[in-house]
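Source file: input-v1.txt (compact mmCIF, C-alpha atoms and all ligand atoms)
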# COMPACT_ATOMS: atom_id res chain seq x y z
CA MET A 1435 16.94 15.00 -5.14
CA SER A 1436 15.81 16.88 -8.25
CA ASP A 1437 13.13 16.90 -10.93
CA THR A 1438 15.47 15.08 -13.28
CA SER A 1439 15.82 12.12 -10.92
CA PRO A 1440 14.17 8.94 -12.19
CA VAL A 1441 10.72 8.29 -10.75
CA ILE A 1442 11.95 4.85 -9.77
CA GLU A 1443 15.46 3.49 -9.78
CA ILE A 1444 16.50 0.02 -8.68
CA ARG A 1445 20.20 -0.74 -8.34
CA ASN A 1446 21.80 -4.14 -7.96
CA LEU A 1447 18.78 -5.70 -6.29
CA HIS A 1448 19.17 -9.13 -4.73
CA LYS A 1449 16.23 -11.12 -3.40
CA SER A 1450 16.06 -14.66 -2.04
CA TYR A 1451 13.27 -16.86 -0.81
CA GLY A 1452 15.13 -19.01 1.69
CA ASP A 1453 17.97 -20.63 -0.24
CA LEU A 1454 16.50 -19.73 -3.61
CA GLU A 1455 18.07 -16.57 -5.02
CA VAL A 1456 15.41 -15.15 -7.31
CA LEU A 1457 16.94 -11.76 -8.19
CA LYS A 1458 20.72 -11.71 -8.66
CA GLY A 1459 21.60 -8.05 -9.00
CA VAL A 1460 19.00 -6.30 -11.16
CA ASP A 1461 18.99 -2.66 -12.24
CA ILE A 1462 15.89 -0.91 -13.57
CA THR A 1463 15.37 2.81 -14.12
CA ALA A 1464 12.21 4.61 -15.18
CA HIS A 1465 12.35 8.35 -15.77
CA ARG A 1466 9.18 10.40 -15.98
CA GLY A 1467 7.24 9.33 -19.08
CA ASP A 1468 9.21 6.13 -19.61
CA VAL A 1469 7.39 2.90 -20.33
CA VAL A 1470 9.67 0.03 -19.32
CA SER A 1471 8.48 -3.45 -20.24
CA MET A 1472 9.82 -6.58 -18.60
CA ILE A 1473 9.67 -9.84 -20.49
CA GLY A 1474 11.01 -13.30 -19.73
CA SER A 1475 10.03 -16.89 -19.08
CA SER A 1476 7.80 -17.90 -16.23
CA GLY A 1477 9.84 -18.01 -13.03
CA SER A 1478 12.51 -15.55 -14.22
CA GLY A 1479 11.66 -13.13 -11.38
CA LYS A 1480 9.48 -10.50 -13.08
CA SER A 1481 6.69 -10.44 -10.49
CA THR A 1482 9.19 -10.56 -7.66
CA LEU A 1483 10.97 -7.51 -9.06
CA LEU A 1484 7.73 -5.52 -9.29
CA ARG A 1485 6.76 -6.57 -5.78
CA CYS A 1486 10.18 -5.52 -4.46
CA ALA A 1487 9.89 -2.16 -6.26
CA ASN A 1488 6.50 -1.60 -4.67
CA LEU A 1489 7.89 -2.73 -1.27
CA LEU A 1490 5.42 -5.60 -1.01
CA GLU A 1491 8.51 -7.82 -0.64
CA ASP A 1492 11.76 -7.24 1.21
CA SER A 1493 15.06 -7.58 -0.62
CA GLN A 1494 18.44 -8.41 0.86
CA GLN A 1495 20.85 -6.19 -1.04
CA GLY A 1496 20.79 -3.23 -3.41
CA ASP A 1497 19.06 0.13 -3.49
CA ILE A 1498 15.60 1.40 -4.33
CA LEU A 1499 15.25 5.11 -5.02
CA PHE A 1500 12.02 7.02 -5.46
CA LYS A 1501 12.50 10.37 -7.24
CA GLY A 1502 16.11 10.34 -6.13
CA GLU A 1503 15.27 9.56 -2.49
CA PRO A 1504 16.88 6.29 -1.37
CA LEU A 1505 14.74 3.91 0.60
CA ARG A 1506 16.22 3.73 4.09
CA TRP A 1507 16.87 0.29 5.53
CA LYS A 1508 17.64 -1.14 8.91
CA GLY A 1509 19.43 -4.45 9.42
CA GLU A 1510 21.44 -6.44 6.92
CA GLY A 1511 20.87 -9.31 4.53
CA LEU A 1512 17.99 -11.57 5.54
CA HIS A 1513 17.23 -9.18 8.41
CA ARG A 1514 17.08 -6.10 6.21
CA ARG A 1515 13.77 -4.23 6.45
CA PRO A 1516 12.64 -0.73 5.43
CA ALA A 1517 13.41 1.63 8.32
CA ASP A 1518 10.58 4.12 7.97
CA PRO A 1519 6.94 3.03 7.56
CA LYS A 1520 5.95 6.54 6.43
CA GLN A 1521 8.49 6.42 3.64
CA VAL A 1522 7.23 2.96 2.62
CA LEU A 1523 3.65 4.24 2.49
CA ARG A 1524 4.68 7.28 0.43
CA ILE A 1525 6.55 5.16 -2.08
CA ARG A 1526 3.94 2.43 -2.27
CA THR A 1527 1.03 4.81 -2.81
CA ASN A 1528 3.02 6.52 -5.56
CA LEU A 1529 3.67 3.27 -7.43
CA SER A 1530 0.22 1.85 -8.04
CA MET A 1531 0.03 -1.82 -8.93
CA VAL A 1532 -2.33 -3.49 -11.37
CA PHE A 1533 -2.41 -7.27 -10.93
CA GLN A 1534 -3.15 -10.12 -13.31
CA GLN A 1535 -6.19 -11.17 -11.25
CA PHE A 1536 -7.61 -7.61 -10.87
CA ASN A 1537 -8.03 -8.05 -7.08
CA LEU A 1538 -11.23 -6.02 -6.87
CA TRP A 1539 -13.28 -6.27 -3.67
CA ALA A 1540 -16.30 -8.41 -4.50
CA HIS A 1541 -18.59 -6.84 -1.87
CA MET A 1542 -18.04 -3.28 -3.09
CA THR A 1543 -19.40 -1.54 -6.17
CA ILE A 1544 -16.95 -0.51 -8.88
CA LEU A 1545 -17.14 3.12 -7.70
CA GLN A 1546 -16.47 2.09 -4.09
CA ASN A 1547 -13.54 -0.04 -5.23
CA VAL A 1548 -11.95 2.93 -6.99
CA MET A 1549 -12.64 5.35 -4.10
CA GLU A 1550 -11.55 3.10 -1.24
CA ALA A 1551 -7.79 3.64 -1.02
CA PRO A 1552 -7.68 7.38 -1.79
CA VAL A 1553 -10.25 7.96 0.98
CA THR A 1554 -9.06 5.50 3.62
CA VAL A 1555 -5.29 5.31 2.96
CA LEU A 1556 -4.62 8.86 1.76
CA GLY A 1557 -7.44 10.54 3.71
CA ARG A 1558 -8.59 12.55 0.71
CA ASP A 1559 -11.92 14.36 0.61
CA ARG A 1560 -14.66 11.89 -0.27
CA ALA A 1561 -16.57 14.16 -2.66
CA GLU A 1562 -13.41 15.09 -4.55
CA VAL A 1563 -12.35 11.45 -4.77
CA GLU A 1564 -15.79 10.50 -6.10
CA GLY A 1565 -15.45 13.07 -8.88
CA ALA A 1566 -11.99 11.75 -9.76
CA ALA A 1567 -13.16 8.12 -9.61
CA ARG A 1568 -16.01 8.80 -12.04
CA LYS A 1569 -13.60 10.65 -14.33
CA TYR A 1570 -11.13 7.72 -14.40
CA LEU A 1571 -13.87 5.13 -14.87
CA THR A 1572 -15.14 7.16 -17.83
CA LYS A 1573 -11.59 7.44 -19.15
CA VAL A 1574 -11.18 3.64 -19.22
CA GLY A 1575 -14.59 3.31 -20.88
CA ILE A 1576 -16.78 2.01 -18.03
CA GLY A 1577 -18.30 5.20 -16.67
CA ASP A 1578 -21.69 3.47 -16.82
CA LYS A 1579 -20.58 0.67 -14.44
CA CYS A 1580 -20.14 2.73 -11.26
CA ASP A 1581 -22.94 0.97 -9.38
CA ALA A 1582 -22.23 -2.55 -10.65
CA TYR A 1583 -20.40 -5.16 -8.60
CA PRO A 1584 -17.23 -6.80 -9.97
CA ALA A 1585 -18.99 -10.14 -10.65
CA GLN A 1586 -21.36 -8.33 -13.02
CA LEU A 1587 -18.47 -7.19 -15.24
CA SER A 1588 -16.45 -9.01 -17.88
CA GLY A 1589 -12.77 -9.69 -17.17
CA GLY A 1590 -11.74 -6.85 -19.46
CA GLN A 1591 -14.09 -4.45 -17.68
CA GLN A 1592 -12.85 -5.60 -14.26
CA GLN A 1593 -9.25 -5.02 -15.31
CA ARG A 1594 -10.13 -1.56 -16.60
CA ALA A 1595 -11.77 -0.86 -13.23
CA ALA A 1596 -8.53 -1.97 -11.56
CA ILE A 1597 -6.61 0.48 -13.77
CA ALA A 1598 -9.04 3.28 -12.82
CA ARG A 1599 -8.47 2.35 -9.19
CA ALA A 1600 -4.71 2.63 -9.64
CA LEU A 1601 -5.07 5.98 -11.43
CA CYS A 1602 -7.31 7.35 -8.68
CA MET A 1603 -4.34 7.18 -6.29
CA GLU A 1604 -2.78 9.88 -8.53
CA PRO A 1605 0.49 7.91 -8.46
CA GLU A 1606 3.83 8.92 -9.95
CA ALA A 1607 4.01 5.60 -11.79
CA LEU A 1608 1.92 2.54 -12.57
CA LEU A 1609 3.24 -1.01 -12.22
CA PHE A 1610 1.46 -3.70 -14.23
CA ASP A 1611 1.95 -7.41 -13.58
CA GLU A 1612 0.70 -9.31 -16.65
CA PRO A 1613 -2.45 -7.18 -16.89
CA THR A 1614 -3.85 -9.08 -19.87
CA SER A 1615 -2.84 -12.66 -19.04
CA ALA A 1616 -6.12 -13.63 -17.38
CA LEU A 1617 -8.23 -12.32 -20.26
CA ASP A 1618 -9.70 -13.89 -23.36
CA PRO A 1619 -8.00 -12.56 -26.50
CA GLU A 1620 -10.93 -10.36 -27.52
CA LEU A 1621 -11.08 -8.74 -24.07
CA GLU A 1622 -7.31 -8.37 -23.94
CA GLN A 1623 -7.44 -5.67 -26.60
CA GLU A 1624 -9.73 -3.44 -24.50
CA VAL A 1625 -7.06 -3.37 -21.83
CA VAL A 1626 -4.19 -2.96 -24.30
CA LYS A 1627 -5.97 0.08 -25.71
CA VAL A 1628 -6.19 1.67 -22.26
CA ILE A 1629 -2.49 1.01 -21.62
CA LYS A 1630 -1.60 2.50 -25.02
CA ASP A 1631 -3.63 5.62 -24.21
CA LEU A 1632 -1.79 5.98 -20.89
CA ALA A 1633 1.57 5.60 -22.65
CA ARG A 1634 0.60 8.26 -25.16
CA GLU A 1635 -0.28 10.63 -22.30
CA GLY A 1636 3.22 10.24 -20.93
CA ARG A 1637 2.44 8.10 -17.89
CA THR A 1638 5.44 6.49 -16.27
CA MET A 1639 4.91 2.73 -16.30
CA ILE A 1640 6.68 -0.55 -15.69
CA ILE A 1641 4.83 -3.36 -17.42
CA VAL A 1642 5.44 -7.08 -17.02
CA THR A 1643 3.81 -8.70 -20.01
CA HIS A 1644 3.72 -11.77 -22.23
CA ASP A 1645 2.21 -9.61 -24.99
CA MET A 1646 5.22 -8.91 -27.19
CA LYS A 1647 3.21 -6.80 -29.61
CA MET A 1648 2.06 -4.49 -26.83
CA ALA A 1649 5.58 -4.36 -25.39
CA HIS A 1650 6.90 -3.43 -28.81
CA ASP A 1651 4.24 -0.77 -29.40
CA VAL A 1652 4.17 1.02 -26.02
CA SER A 1653 7.67 0.73 -24.55
CA SER A 1654 10.52 3.18 -24.48
CA HIS A 1655 12.74 0.43 -23.08
CA VAL A 1656 12.46 -3.35 -22.84
CA VAL A 1657 14.22 -5.60 -20.34
CA PHE A 1658 14.61 -9.34 -20.83
CA LEU A 1659 14.98 -11.13 -17.53
CA HIS A 1660 16.47 -14.61 -17.37
CA GLN A 1661 16.87 -16.51 -14.10
CA GLY A 1662 16.99 -13.37 -12.01
CA ARG A 1663 19.41 -11.42 -14.19
CA ILE A 1664 18.96 -8.96 -17.02
CA GLU A 1665 20.14 -10.93 -20.01
CA GLU A 1666 19.54 -8.17 -22.55
CA GLU A 1667 17.83 -4.77 -22.69
CA GLY A 1668 17.29 -1.98 -25.15
CA THR A 1669 14.81 -0.10 -27.28
CA PRO A 1670 11.90 -2.22 -28.52
CA ASP A 1671 13.05 -2.00 -32.14
CA VAL A 1672 16.51 -3.34 -31.30
CA LEU A 1673 15.42 -5.87 -28.70
CA PHE A 1674 12.68 -7.40 -30.83
CA GLY A 1675 14.23 -6.67 -34.23
CA ALA A 1676 17.83 -7.65 -33.60
CA PRO A 1677 18.11 -9.65 -30.39
CA LYS A 1678 21.74 -10.52 -29.60
CA SER A 1679 21.54 -13.21 -26.95
CA GLU A 1680 20.60 -16.72 -27.96
CA ARG A 1681 18.37 -16.99 -24.92
CA LEU A 1682 16.37 -13.95 -26.00
CA GLN A 1683 16.21 -15.25 -29.57
CA GLY A 1684 14.89 -18.56 -28.25
CA PHE A 1685 12.42 -16.85 -25.93
CA LEU A 1686 11.03 -14.67 -28.72
CA LYS A 1687 10.63 -17.71 -31.00
CA SER A 1688 8.72 -19.51 -28.24
CA THR A 1689 6.22 -16.63 -27.95
CA THR A 1690 5.26 -16.43 -31.63
P1 LIG A 1701 7.80 -14.59 -12.91
O1 LIG A 1701 6.86 -13.51 -12.48
O2 LIG A 1701 8.86 -14.12 -13.85
O3 LIG A 1701 7.07 -15.77 -13.48
P2 LIG A 1701 8.30 -14.88 -10.09
O4 LIG A 1701 8.90 -13.60 -9.69
O5 LIG A 1701 6.87 -15.11 -9.77
O6 LIG A 1701 8.58 -15.13 -11.65
O7 LIG A 1701 9.11 -16.09 -9.44
C1 LIG A 1701 10.50 -16.19 -9.50
C2 LIG A 1701 10.95 -17.39 -8.69
O8 LIG A 1701 10.67 -17.17 -7.32
C3 LIG A 1701 10.24 -18.69 -9.06
O9 LIG A 1701 11.19 -19.73 -8.96
C4 LIG A 1701 9.18 -18.81 -8.00
O10 LIG A 1701 8.86 -20.17 -7.76
C5 LIG A 1701 9.87 -18.20 -6.79
N1 LIG A 1701 8.92 -17.58 -5.85
C6 LIG A 1701 8.05 -16.57 -6.14
N2 LIG A 1701 7.35 -16.20 -5.04
C7 LIG A 1701 7.76 -17.01 -4.04
C8 LIG A 1701 7.43 -17.13 -2.65
N3 LIG A 1701 6.51 -16.34 -2.08
N4 LIG A 1701 8.08 -18.08 -1.94
C9 LIG A 1701 9.02 -18.86 -2.48
N5 LIG A 1701 9.39 -18.79 -3.78
C10 LIG A 1701 8.78 -17.89 -4.56
MG MG A 1702 4.84 -13.33 -12.65

Please express what this file holds, its structure, as structure tokens.
Amino acid sequence: MSDTSPVIEIRNLHKSYGDLEVLKGVDITAHRGDVVSMIGSSGSGKSTLLRCANLLEDSQQGDILFKGEPLRWKGEGLHRRPADPKQVLRIRTNLSMVFQQFNLWAHMTILQNVMEAPVTVLGRDRAEVEGAARKYLTKVGIGDKCDAYPAQLSGGQQQRAAIARALCMEPEALLFDEPTSALDPELEQEVVKVIKDLAREGRTMIIVTHDMKMAHDVSSHVVFLHQGRIEEEGTPDVLFGAPKSERLQGFLKSTT
């Protein structure tokens, strides 16, 4: 383990739901400061890959390393499970997820939503967490919404609250699953701006997105997933400017 180890490294990951093999040997690496975007048709396995990385889903084969530390497993194949709950918690809390549907708690204020996990899961000091939560809500442009409830916010504001909540965990990396897909086009840009700011600050991120312009603008590396395999990957300029595979060419045409 060393400081030069990737924040997250996935090697040869295989994942099935019953007889359906959804991931067929996928490799993804994100070093500190990398922004890796994942693109691909619906059903290609993008969400599954993020959920496996975050250990919300089990996988049957392959390795997941966090800062050079391999996740330890027990059992094999369909019986394979993470061996150490403490390690799972450490990895999961360091890879904060932002979901398409925001997943804010409706009965809590925005401030309570952002404070909840750092206080209850990580056991951090409440007053310190409150200061950090207000700072992150201000950073994403909704510092005035602390006492509002999610239903009182627009979709773009709710998603920015969800990003503040992820940041308040002080994670090593952020994982985004189609963060702008549920938003009207004019609200989408508020969220894109926040993600661009985070990229500029050097945040490590893996972003599943249908927004090719954002993927082009923020990414250090882009991965095109097709039916559970990486069909093509590279820098955004090469992947979007000179795609080699016909499938990627077809996919990019279908998105414009
Ligand atoms: P994407 O995010 O790229 O649209 P997903 O990772 O959601 O793709 O899904 C990949 C494949 O796995 C799809 O065929 C989907 O139907 C299947 N799948 C996803 N989640 C489940 C699940 N919980 N149970 C069974 N099949 C699933
Ligand atoms: Mg998905």

Give one line per residue of chain A that approaches ligand MG 1702 (chain A) to at most 7 Å, naming the two atoms of the closest pair and their distance in Å to one decimal, counting only C-alpha atoms and all ligand atoms; sort by chain then ascending residue number and deliver it as CSV.
residue,atom,partner,partner_atom,distance
A:Ser1476,CA,A:MG1702,MG,6.5
A:Gly1477,CA,A:MG1702,MG,6.9
A:Gly1479,CA,A:MG1702,MG,6.9
A:Lys1480,CA,A:MG1702,MG,5.5
A:Ser1481,CA,A:MG1702,MG,4.1
A:Asp1611,CA,A:MG1702,MG,6.7

If I take CA of Val1532 (chain A) and CA of Tyr1570 (chain A), how far is one from the other in Å, to one decimal?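 Separating CA of Val1532 (chain A) from CA of Tyr1570 (chain A) is a distance of 14.6 Å.
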
Enumerate residues in contact with ligand LIG 1701 (chain A): an atom-to-atom distance of at most 9 Å, counting all atoms listed in the file. Format the result as a VMD selection string. chain A and resid 1450 to 1452 1454 to 1457 1472 to 1485 1491 1611 to 1612 1642 1659 to 1662

Using all atoms listed in the file, pick whichever of A:Gln1683, A:Ala1487, A:His1513, A:Leu1499 has the shortest atom-to-atom distance to Pro1440 (chain A).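 The answer is A:Leu1499, which sits nearest to Pro1440 (chain A).
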
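Distance annotation: of A:Pro1670, A:Thr1614, A:Leu1489, A:Gln1494, the residue with the minimal separation from Pro1519 (chain A) is A:Leu1489; atom set is only C-alpha atoms.
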
Could you name the residues that touch Val1460 (chain A) at 9 Å or less, counting only C-alpha atoms, but leaving out those on the same chain fewer than 6 positions away, as a VMD selection string? chain A and resid 1444 to 1448 1483 1496 1659 1662 to 1664

Listing only residues of region 1464-1555 of chain A within 10 Å of region 1592-1607 of chain A, what is the closest atom pair and its distance in Å (to one decimal) for each, using all atoms listed in the file, sorted by chain and residue number ascending, as JSON lines?
{"residue": "A:Ala1464", "atom": "CA", "partner": "A:Ala1607", "partner_atom": "CA", "distance": 8.9}
{"residue": "A:His1465", "atom": "CA", "partner": "A:Ala1607", "partner_atom": "CA", "distance": 9.6}
{"residue": "A:Arg1466", "atom": "CA", "partner": "A:Glu1606", "partner_atom": "CA", "distance": 8.2}
{"residue": "A:Gly1467", "atom": "CA", "partner": "A:Ala1607", "partner_atom": "CA", "distance": 8.8}
{"residue": "A:Asp1468", "atom": "CA", "partner": "A:Ala1607", "partner_atom": "CA", "distance": 9.4}
{"residue": "A:Val1469", "atom": "CA", "partner": "A:Ala1607", "partner_atom": "CA", "distance": 9.6}
{"residue": "A:Phe1500", "atom": "CA", "partner": "A:Glu1606", "partner_atom": "CA", "distance": 9.5}
{"residue": "A:Lys1501", "atom": "CA", "partner": "A:Glu1606", "partner_atom": "CA", "distance": 9.2}
{"residue": "A:Arg1524", "atom": "CA", "partner": "A:Pro1605", "partner_atom": "CA", "distance": 9.8}
{"residue": "A:Ile1525", "atom": "CA", "partner": "A:Glu1606", "partner_atom": "CA", "distance": 9.1}
{"residue": "A:Arg1526", "atom": "CA", "partner": "A:Pro1605", "partner_atom": "CA", "distance": 9.0}
{"residue": "A:Thr1527", "atom": "CA", "partner": "A:Pro1605", "partner_atom": "CA", "distance": 6.5}
{"residue": "A:Asn1528", "atom": "CA", "partner": "A:Pro1605", "partner_atom": "CA", "distance": 4.1}
{"residue": "A:Leu1529", "atom": "CA", "partner": "A:Ala1607", "partner_atom": "CA", "distance": 5.0}
{"residue": "A:Ser1530", "atom": "CA", "partner": "A:Ala1600", "partner_atom": "CA", "distance": 5.2}
{"residue": "A:Met1531", "atom": "CA", "partner": "A:Ala1600", "partner_atom": "CA", "distance": 6.5}
{"residue": "A:Val1532", "atom": "CA", "partner": "A:Ile1597", "partner_atom": "CA", "distance": 6.3}
{"residue": "A:Phe1533", "atom": "CA", "partner": "A:Ala1596", "partner_atom": "CA", "distance": 8.1}
{"residue": "A:Gln1534", "atom": "CA", "partner": "A:Gln1593", "partner_atom": "CA", "distance": 8.2}
{"residue": "A:Gln1535", "atom": "CA", "partner": "A:Gln1593", "partner_atom": "CA", "distance": 8.0}
{"residue": "A:Phe1536", "atom": "CA", "partner": "A:Gln1593", "partner_atom": "CA", "distance": 5.4}
{"residue": "A:Asn1537", "atom": "CA", "partner": "A:Ala1596", "partner_atom": "CA", "distance": 7.6}
{"residue": "A:Leu1538", "atom": "CA", "partner": "A:Ala1596", "partner_atom": "CA", "distance": 6.8}
{"residue": "A:Ile1544", "atom": "CA", "partner": "A:Ala1595", "partner_atom": "CA", "distance": 6.8}
{"residue": "A:Leu1545", "atom": "CA", "partner": "A:Ala1595", "partner_atom": "CA", "distance": 8.7}
{"residue": "A:Gln1546", "atom": "CA", "partner": "A:Arg1599", "partner_atom": "CA", "distance": 9.5}
{"residue": "A:Asn1547", "atom": "CA", "partner": "A:Arg1599", "partner_atom": "CA", "distance": 6.9}
{"residue": "A:Val1548", "atom": "CA", "partner": "A:Arg1599", "partner_atom": "CA", "distance": 4.2}
{"residue": "A:Met1549", "atom": "CA", "partner": "A:Arg1599", "partner_atom": "CA", "distance": 7.2}
{"residue": "A:Glu1550", "atom": "CA", "partner": "A:Arg1599", "partner_atom": "CA", "distance": 8.6}
{"residue": "A:Ala1551", "atom": "CA", "partner": "A:Met1603", "partner_atom": "CA", "distance": 7.2}
{"residue": "A:Pro1552", "atom": "CA", "partner": "A:Met1603", "partner_atom": "CA", "distance": 5.6}
{"residue": "A:Val1553", "atom": "CA", "partner": "A:Met1603", "partner_atom": "CA", "distance": 9.4}
{"residue": "A:Val1555", "atom": "CA", "partner": "A:Met1603", "partner_atom": "CA", "distance": 9.5}

Excluding Thr1669 (chain A) and any residue of its chain fewer than 5 positions from it, enumerate the residues within 7 Å of it, using all atoms listed in the file, and give them as a ChimeraX atom specification. /A:1654-1656

Distance criterion (only C-alpha atoms): nearest to Ile1462 (chain A) out of A:Lys1449, A:Ala1567, A:Gly1577, A:Ile1640: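 Among the listed residues, the smallest separation from Ile1462 (chain A) belongs to A:Ile1640.
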
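For the residues A:Glu1443, A:Leu1587, A:Glu1564, A:Gln1495, ranking by smallest atom-to-atom distance to Lys1458 (chain A) using only C-alpha atoms places A:Gln1495 first.
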
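Our summary of the geometry notes that CA of Ile1442 (chain A) is positioned 7.4 Å from CA of Ile1498 (chain A).
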
One decimal place gives the CA of Thr1690 (chain A)-CA of Arg1634 (chain A) separation as 25.9 Å
